[in-house]
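Here the structure comes first, spelled out in structure tokens, and everything after it is commentary.
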Amino acid sequence: MKHQKGKGEARWRGTAVSDGAAAGRVLRIHTGARDYIYRVRLDDDEVEREVRRFRAAVRLSRRQLRALRRRAERALGDEHAYIFDAHLLMLEDRKLSEDVEAVIRGERVNGEWAVKVVTDRLLAVYDEIKDDYLRERSSDIEDVTRRLLVALSGESLRGRRLTEDAVIVAEELMPSTIAELDFTHIKAIATDMGGWTSHTAIIARGLGIPAIVGLRDFYRHARTGDTVVVDTRAGEVVLHPSRERFDAYKAKEQARDGGAAARAVAEESRGPLLTEDGVEIVLRANVELPAEYEGVARFGARGIGLYRSEFLLTQRGALPDEDEQCSAYEEVGRVAGADGAAVRLFDLGGDKLGGLALEADGERNPALGLRAIRFCLQREDVLRTQVRAVMRAAARWPIDLVLPMISDLTEVRRARRVIEEERARLEAEGREAGRIRVGAMIEVPSAVMVAEKLAREVDFFSLGTNDLVQYMLAVDRGNDEVAPWFRSLHPAVLQAVSRTIEAARAASIPAIVCGEMAATPAYAVVLVGLGAHELSMAASSIPRVRRVLSRVDSRAAAEVARECLDCATADEVEELVRVRFGERWPNLFPPETLPAPRVNV
Ligand code: PEP
Ligand code: MG
């Protein structure tokens with residue numbers, strides 16, 4: 001957050017959401033939105049480098065446009081490809097480039113700002129023109145400007161062309177953008193916005209990529225190619241690190257990359273996980289993208305506790321058809337093996353739509369809008385296709401189905417009716433439909449209040465603590481401004497978890513905790529204390545949770561949990577956890593792994 005200029009190094013503090021450290025070069029990912037263009041004042045010796053950067057962006061944009069023109073010509077014919085000629089002409093116009101360079105030099109500002117100044121001027125002139133045709137051309141200027149801004153940001157390196165290791169820097173990363181990147185080259189992620197349970201954070205943890213969010217104004221200071229160090233332990237990024245610092249982090253990275261660590265993980269994660277007093281705890285994996293599949297076995301997950309199927313859309317940019325979905329779920333089933341996988345219906349809406357033009361796009365209050373089961377029931381065609389695909393895949397692998405964001409039993413009944421109708425249709429078509437267990441995500445307060453009733457009509461509960469905290473405490477899970485109010489250890493949240501687990505136990509159905517809370521070792525102990533025996537989390541979090549749970553006595557955890565349930569405030573619970581865990585397991589929980597004392601809020 002604060003920008004403290006030291007000896008060339010500049011630091012920003014944020015929220016660490018995925019552990020690790022990395023040293024590398026910045027790759028800025030930019031959406032090209034004009035509203036987010038910042039003015040950065042340059043030192044004298046930076047001006048010519050900026051001009052060169054701008055020229056490179058023009059060259060790159062021209063190359064892209066020529067390629068686009070060739071593609072358009074092949075696909076649509078010459079008469080449609082001409083629009084790219086107009087864009088090319090604009091970029092070849094020496095006057096435009098000269099004007100931008102004059103602004104960079106004259107005002108000593110960054111290329112993005114200079115492009116904005118010059119194109120704003122042009123747009124103002126076009127706006128005055130009476131001729132409709134010419135006025136329409138302003139959209140070409142907008143388009144070319146966007147392309148130039150994206151090229152300046154280095155975004156053209158996105159996707160398959162991300163061939164070098166990079167630290168991804170963005171204002172905010174949409175899941176779809178991450179899905180487009182080549183993960184093997186992402187060393188770390190640093191964003192201005194986002195919170196612990198935002199989807200960027202969840203994916204970063206899933207892939208084991210160090211990530212810090214909530215850096216506020218880091219993006220506008222970092223440039224593609226700058227050196228940077230990301231340290232999630234310290235919760236900070238250091239731009240232009242000293243050579244010593246940079247080398248020290250590089251050395252750490254190499255040590256970590258060595259095979260010994262991976263072998264140790266594999267060794268530790270074999271066999272069932274028992275607490276010190278012999279209670280078995282099952283740890284499963286939450287999975288979003290195929291890149292995470294290999295971690296399921298590597299980190300010793302017992303199957304897939306939650307497959308967030310909506311990520312299929314962010315990878316493809318559209319709804320996959322039944323066959324495509326069936327193959328995707330078969331693949332998930334194959335990865336999970338005999339331990340099984342729980343495929344969740346598309347949890348679209350909220351922050352998860354990724355800009356796809358579906359019904360819920362542009363809602364005023366998406367988290368409370370046409371999200372998850374509401375969307376599925378509204379778009380029954382989408383629901384039926386997905387249900388068919390899941391049942392077909394379930395004929396080959398043990399697969400369950402989870403209904404997201406249930407707030408009323410009627411939603412379960414309607415979904416079940418659709419499932420049974422599609423089962424009958426599949427059978428009538430001579431296709432095999434596997435037996436699936438149907439579970440409800442418990443993540444809305446109303447579902448907790450009627451959990452006893454729900455438990456009689458579903459086969460299992462899946463506790464989504466990310467949304468449960470969001471909806472119980474009315475805190476937007478992705479908004480870093482209100483992150484201090486996102487208290488997983490709030491007594492109301494603990495009461496809700498306890499009540500849900502109790503309702504499942506009374507109805508003899510399993511309850512699995514799938515939210516991010518389970519991935520924090522101290523919180524996992526509280527969850528076990530509340531009676532949870534199954535937890536699902538980013539696969540890379542499994543080893544550290546496993547290590548802690550295997551050294552904890554579940555009866556002691558239950559005692560602490562009981563005390564927590566009696567607390568009046570989140571502060572009291574956190575204080576209690578700090579004190580009790582410190583007393584009982586001093587070596588297991590060094591102070592930095594426990595909730596930090598709160599000063600305000
Ligand atoms: C949750 O809400 O806790 C959950 C597991 O699902 P998601 O994070 O995808 O909403
Ligand atoms: Mg959820």
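Note on naming: chains are A, B, ... as they come in the structure tokens, residues start from 1 per chain, ligands start from 1 in the order shown.
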
Check: How would you write, as a VMD selection string, the set of residues no farther than 12 Å from ligand 2 when counting only C-alpha atoms and all ligand atoms?
Finding: chain A and resid 197 to 199 202 286 306 to 308 310 344 to 352 367 371 to 373 402 to 406 440 to 444 462 to 471 477 513 to 516

Next item on the list: Write out as a PyMOL selection string each polymer residue whose atoms come within 12 Å of Ala506 (chain A), counting only C-alpha atoms; drop sequence neighbours fewer than 2 positions from it.
Entry: chain A and resi 451-456+499-504+508-511

Check: Residues at most 12 Å from Gly106 (chain A), counting only C-alpha atoms, excluding those fewer than 2 positions away in the same chain, as a list in words?
Finding: Arg41, Leu42, Asp44, Val47, Glu48, Val51, Glu98, Asp99, Val100, Glu101, Ala102, Val103, Ile104, Arg108, Val109, Asn110, Gly111 and Ala114 of chain A

Margin query: Which residues are close to Pro290 (chain A), i.e. within 12 Å by only C-alpha atoms, leaving aside same-chain residues fewer than 4 positions away? Reply as number ranges by chain.
Written below: A: 179, 182-183, 203, 206-207, 286, 294-296, 307-309, 311-312, 315, 328-329, 331-332, 334-335

For N, CA and C atoms, I'd like the residues from the last selection saved as a PDB file, in the first residue's frame.
```pdb
ATOM      1  N   ALA A 179      -6.719 -18.075 -16.664  1.00  0.00           N
ATOM      2  CA  ALA A 179      -6.883 -19.327 -17.402  1.00  0.00           C
ATOM      3  C   ALA A 179      -6.183 -19.267 -18.753  1.00  0.00           C
ATOM      4  N   ASP A 182      -0.030 -19.142 -19.547  1.00  0.00           N
ATOM      5  CA  ASP A 182       0.682 -20.405 -19.420  1.00  0.00           C
ATOM      6  C   ASP A 182       1.257 -20.470 -17.997  1.00  0.00           C
ATOM      7  N   PHE A 183       0.598 -21.274 -17.149  1.00  0.00           N
ATOM      8  CA  PHE A 183       0.932 -21.247 -15.720  1.00  0.00           C
ATOM      9  C   PHE A 183       2.385 -21.584 -15.414  1.00  0.00           C
ATOM     10  N   ILE A 203      -7.271 -19.604  -7.267  1.00  0.00           N
ATOM     11  CA  ILE A 203      -6.524 -20.271  -8.337  1.00  0.00           C
ATOM     12  C   ILE A 203      -5.030 -20.251  -8.038  1.00  0.00           C
ATOM     13  N   GLY A 206      -4.386 -22.868  -5.743  1.00  0.00           N
ATOM     14  CA  GLY A 206      -4.548 -24.159  -6.421  1.00  0.00           C
ATOM     15  C   GLY A 206      -3.309 -24.528  -7.213  1.00  0.00           C
ATOM     16  N   LEU A 207      -2.687 -23.534  -7.805  1.00  0.00           N
ATOM     17  CA  LEU A 207      -1.526 -23.802  -8.644  1.00  0.00           C
ATOM     18  C   LEU A 207      -0.215 -23.683  -7.874  1.00  0.00           C
ATOM     19  N   ASN A 286      -9.758 -29.097  -3.874  1.00  0.00           N
ATOM     20  CA  ASN A 286     -10.626 -28.231  -4.670  1.00  0.00           C
ATOM     21  C   ASN A 286      -9.904 -27.981  -5.992  1.00  0.00           C
ATOM     22  N   GLU A 294      -2.440 -32.439 -11.666  1.00  0.00           N
ATOM     23  CA  GLU A 294      -1.287 -33.262 -11.265  1.00  0.00           C
ATOM     24  C   GLU A 294      -1.019 -33.095  -9.766  1.00  0.00           C
ATOM     25  N   GLY A 295      -1.419 -31.955  -9.196  1.00  0.00           N
ATOM     26  CA  GLY A 295      -1.211 -31.719  -7.758  1.00  0.00           C
ATOM     27  C   GLY A 295      -2.083 -32.603  -6.880  1.00  0.00           C
ATOM     28  N   VAL A 296      -3.176 -33.124  -7.435  1.00  0.00           N
ATOM     29  CA  VAL A 296      -4.112 -33.924  -6.627  1.00  0.00           C
ATOM     30  C   VAL A 296      -3.388 -35.152  -6.065  1.00  0.00           C
ATOM     31  N   TYR A 307     -15.178 -29.708  -7.566  1.00  0.00           N
ATOM     32  CA  TYR A 307     -14.731 -29.290  -8.897  1.00  0.00           C
ATOM     33  C   TYR A 307     -15.593 -28.106  -9.300  1.00  0.00           C
ATOM     34  N   ARG A 308     -14.957 -26.940  -9.436  1.00  0.00           N
ATOM     35  CA  ARG A 308     -15.701 -25.714  -9.766  1.00  0.00           C
ATOM     36  C   ARG A 308     -15.914 -25.663 -11.281  1.00  0.00           C
ATOM     37  N   SER A 309     -17.018 -26.275 -11.719  1.00  0.00           N
ATOM     38  CA  SER A 309     -17.198 -26.505 -13.162  1.00  0.00           C
ATOM     39  C   SER A 309     -17.310 -25.217 -13.960  1.00  0.00           C
ATOM     40  N   PHE A 311     -15.398 -22.997 -14.242  1.00  0.00           N
ATOM     41  CA  PHE A 311     -14.136 -22.634 -14.872  1.00  0.00           C
ATOM     42  C   PHE A 311     -13.997 -23.200 -16.284  1.00  0.00           C
ATOM     43  N   LEU A 312     -14.870 -24.153 -16.612  1.00  0.00           N
ATOM     44  CA  LEU A 312     -14.896 -24.639 -17.992  1.00  0.00           C
ATOM     45  C   LEU A 312     -15.266 -23.496 -18.928  1.00  0.00           C
ATOM     46  N   GLN A 315     -12.380 -21.025 -19.472  1.00  0.00           N
ATOM     47  CA  GLN A 315     -11.327 -21.517 -20.366  1.00  0.00           C
ATOM     48  C   GLN A 315     -11.747 -21.398 -21.822  1.00  0.00           C
ATOM     49  N   ALA A 328     -14.873 -33.506 -20.027  1.00  0.00           N
ATOM     50  CA  ALA A 328     -14.198 -32.780 -18.932  1.00  0.00           C
ATOM     51  C   ALA A 328     -14.465 -33.472 -17.593  1.00  0.00           C
ATOM     52  N   TYR A 329     -15.709 -33.911 -17.353  1.00  0.00           N
ATOM     53  CA  TYR A 329     -16.027 -34.551 -16.067  1.00  0.00           C
ATOM     54  C   TYR A 329     -15.398 -35.944 -15.980  1.00  0.00           C
ATOM     55  N   GLU A 331     -12.578 -36.668 -17.228  1.00  0.00           N
ATOM     56  CA  GLU A 331     -11.178 -36.391 -16.897  1.00  0.00           C
ATOM     57  C   GLU A 331     -11.033 -36.110 -15.391  1.00  0.00           C
ATOM     58  N   VAL A 332     -11.981 -35.330 -14.857  1.00  0.00           N
ATOM     59  CA  VAL A 332     -11.966 -35.034 -13.417  1.00  0.00           C
ATOM     60  C   VAL A 332     -12.121 -36.345 -12.631  1.00  0.00           C
ATOM     61  N   ARG A 334     -11.344 -39.320 -13.623  1.00  0.00           N
ATOM     62  CA  ARG A 334     -10.135 -40.126 -13.775  1.00  0.00           C
ATOM     63  C   ARG A 334      -9.051 -39.648 -12.803  1.00  0.00           C
ATOM     64  N   VAL A 335      -8.892 -38.313 -12.714  1.00  0.00           N
ATOM     65  CA  VAL A 335      -7.877 -37.747 -11.815  1.00  0.00           C
ATOM     66  C   VAL A 335      -8.193 -38.112 -10.365  1.00  0.00           C
TER      67      VAL A 335
END
```

Notebook entry, point to check: With distances taken over only C-alpha atoms and all ligand atoms, which of A:Thr200, A:Ser97, A:Thr275, A:Thr119 is nearest to ligand 1?
Noted result: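 Ranking A:Thr200, A:Ser97, A:Thr275, A:Thr119 by distance to ligand 1, first place goes to A:Thr200.
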
Excluding Ile436 (chain A) and its own-chain neighbours fewer than 2 positions away, which residues fall within 10 Å of it when counting only C-alpha atoms? Please give them as a CSV table (one decimal) with N, CA, C and O atoms, in the first residue's frame.
```csv
chain,number,residue,atom,x,y,z
A,342,ALA,N,-16.5,-34.5,-6.6
A,342,ALA,CA,-17.8,-33.9,-6.5
A,342,ALA,C,-17.8,-32.7,-7.5
A,342,ALA,O,-17.1,-31.7,-7.3
A,390,VAL,N,-22.9,-34.9,-16.5
A,390,VAL,CA,-22.4,-35.4,-15.2
A,390,VAL,C,-22.8,-36.9,-15.1
A,390,VAL,O,-22.0,-37.8,-14.7
A,391,MET,N,-24.1,-37.2,-15.4
A,391,MET,CA,-24.5,-38.6,-15.2
A,391,MET,C,-23.8,-39.5,-16.1
A,391,MET,O,-23.5,-40.7,-15.8
A,393,ALA,N,-20.8,-39.1,-17.3
A,393,ALA,CA,-19.4,-39.3,-16.8
A,393,ALA,C,-19.4,-40.3,-15.5
A,393,ALA,O,-18.5,-41.1,-15.3
A,394,ALA,N,-20.5,-40.1,-14.8
A,394,ALA,CA,-20.7,-40.9,-13.5
A,394,ALA,C,-20.8,-42.4,-13.8
A,394,ALA,O,-20.7,-43.3,-13.0
A,395,ALA,N,-21.2,-42.7,-15.1
A,395,ALA,CA,-21.3,-44.2,-15.5
A,395,ALA,C,-19.9,-44.8,-15.5
A,395,ALA,O,-19.7,-46.0,-15.4
A,398,PRO,N,-16.7,-42.7,-10.1
A,398,PRO,CA,-17.5,-42.3,-9.0
A,398,PRO,C,-17.6,-40.7,-8.9
A,398,PRO,O,-16.6,-40.1,-8.5
A,399,ILE,N,-18.7,-40.2,-9.3
A,399,ILE,CA,-18.9,-38.7,-9.4
A,399,ILE,C,-20.2,-38.3,-8.6
A,399,ILE,O,-21.2,-39.0,-8.8
A,400,ASP,N,-20.1,-37.3,-7.8
A,400,ASP,CA,-21.3,-36.7,-7.2
A,400,ASP,C,-21.6,-35.4,-7.8
A,400,ASP,O,-20.7,-34.8,-8.5
A,401,LEU,N,-22.8,-34.9,-7.4
A,401,LEU,CA,-23.2,-33.6,-7.9
A,401,LEU,C,-23.5,-32.6,-6.8
A,401,LEU,O,-24.1,-33.0,-5.8
A,402,VAL,N,-23.0,-31.4,-6.8
A,402,VAL,CA,-23.2,-30.4,-5.8
A,402,VAL,C,-24.0,-29.3,-6.3
A,402,VAL,O,-23.7,-28.7,-7.4
A,419,ILE,N,-33.0,-33.8,-12.5
A,419,ILE,CA,-32.0,-34.9,-12.6
A,419,ILE,C,-32.7,-36.2,-12.9
A,419,ILE,O,-32.3,-37.0,-13.8
A,433,ALA,N,-26.5,-44.0,-17.5
A,433,ALA,CA,-26.5,-42.9,-16.6
A,433,ALA,C,-26.0,-43.4,-15.2
A,433,ALA,O,-26.7,-44.3,-14.7
A,434,GLY,N,-24.9,-42.9,-14.7
A,434,GLY,CA,-24.4,-43.4,-13.5
A,434,GLY,C,-25.2,-42.9,-12.3
A,434,GLY,O,-25.8,-41.9,-12.4
A,438,VAL,N,-26.4,-36.5,-4.6
A,438,VAL,CA,-26.6,-35.1,-4.8
A,438,VAL,C,-26.5,-34.4,-3.4
A,438,VAL,O,-27.1,-34.7,-2.4
A,439,GLY,N,-25.6,-33.4,-3.5
A,439,GLY,CA,-25.3,-32.6,-2.2
A,439,GLY,C,-25.7,-31.2,-2.4
A,439,GLY,O,-25.8,-30.7,-3.5
A,459,ASP,N,-27.8,-35.9,-0.2
A,459,ASP,CA,-27.0,-37.0,0.2
A,459,ASP,C,-25.8,-36.6,1.0
A,459,ASP,O,-25.1,-37.4,1.7
```
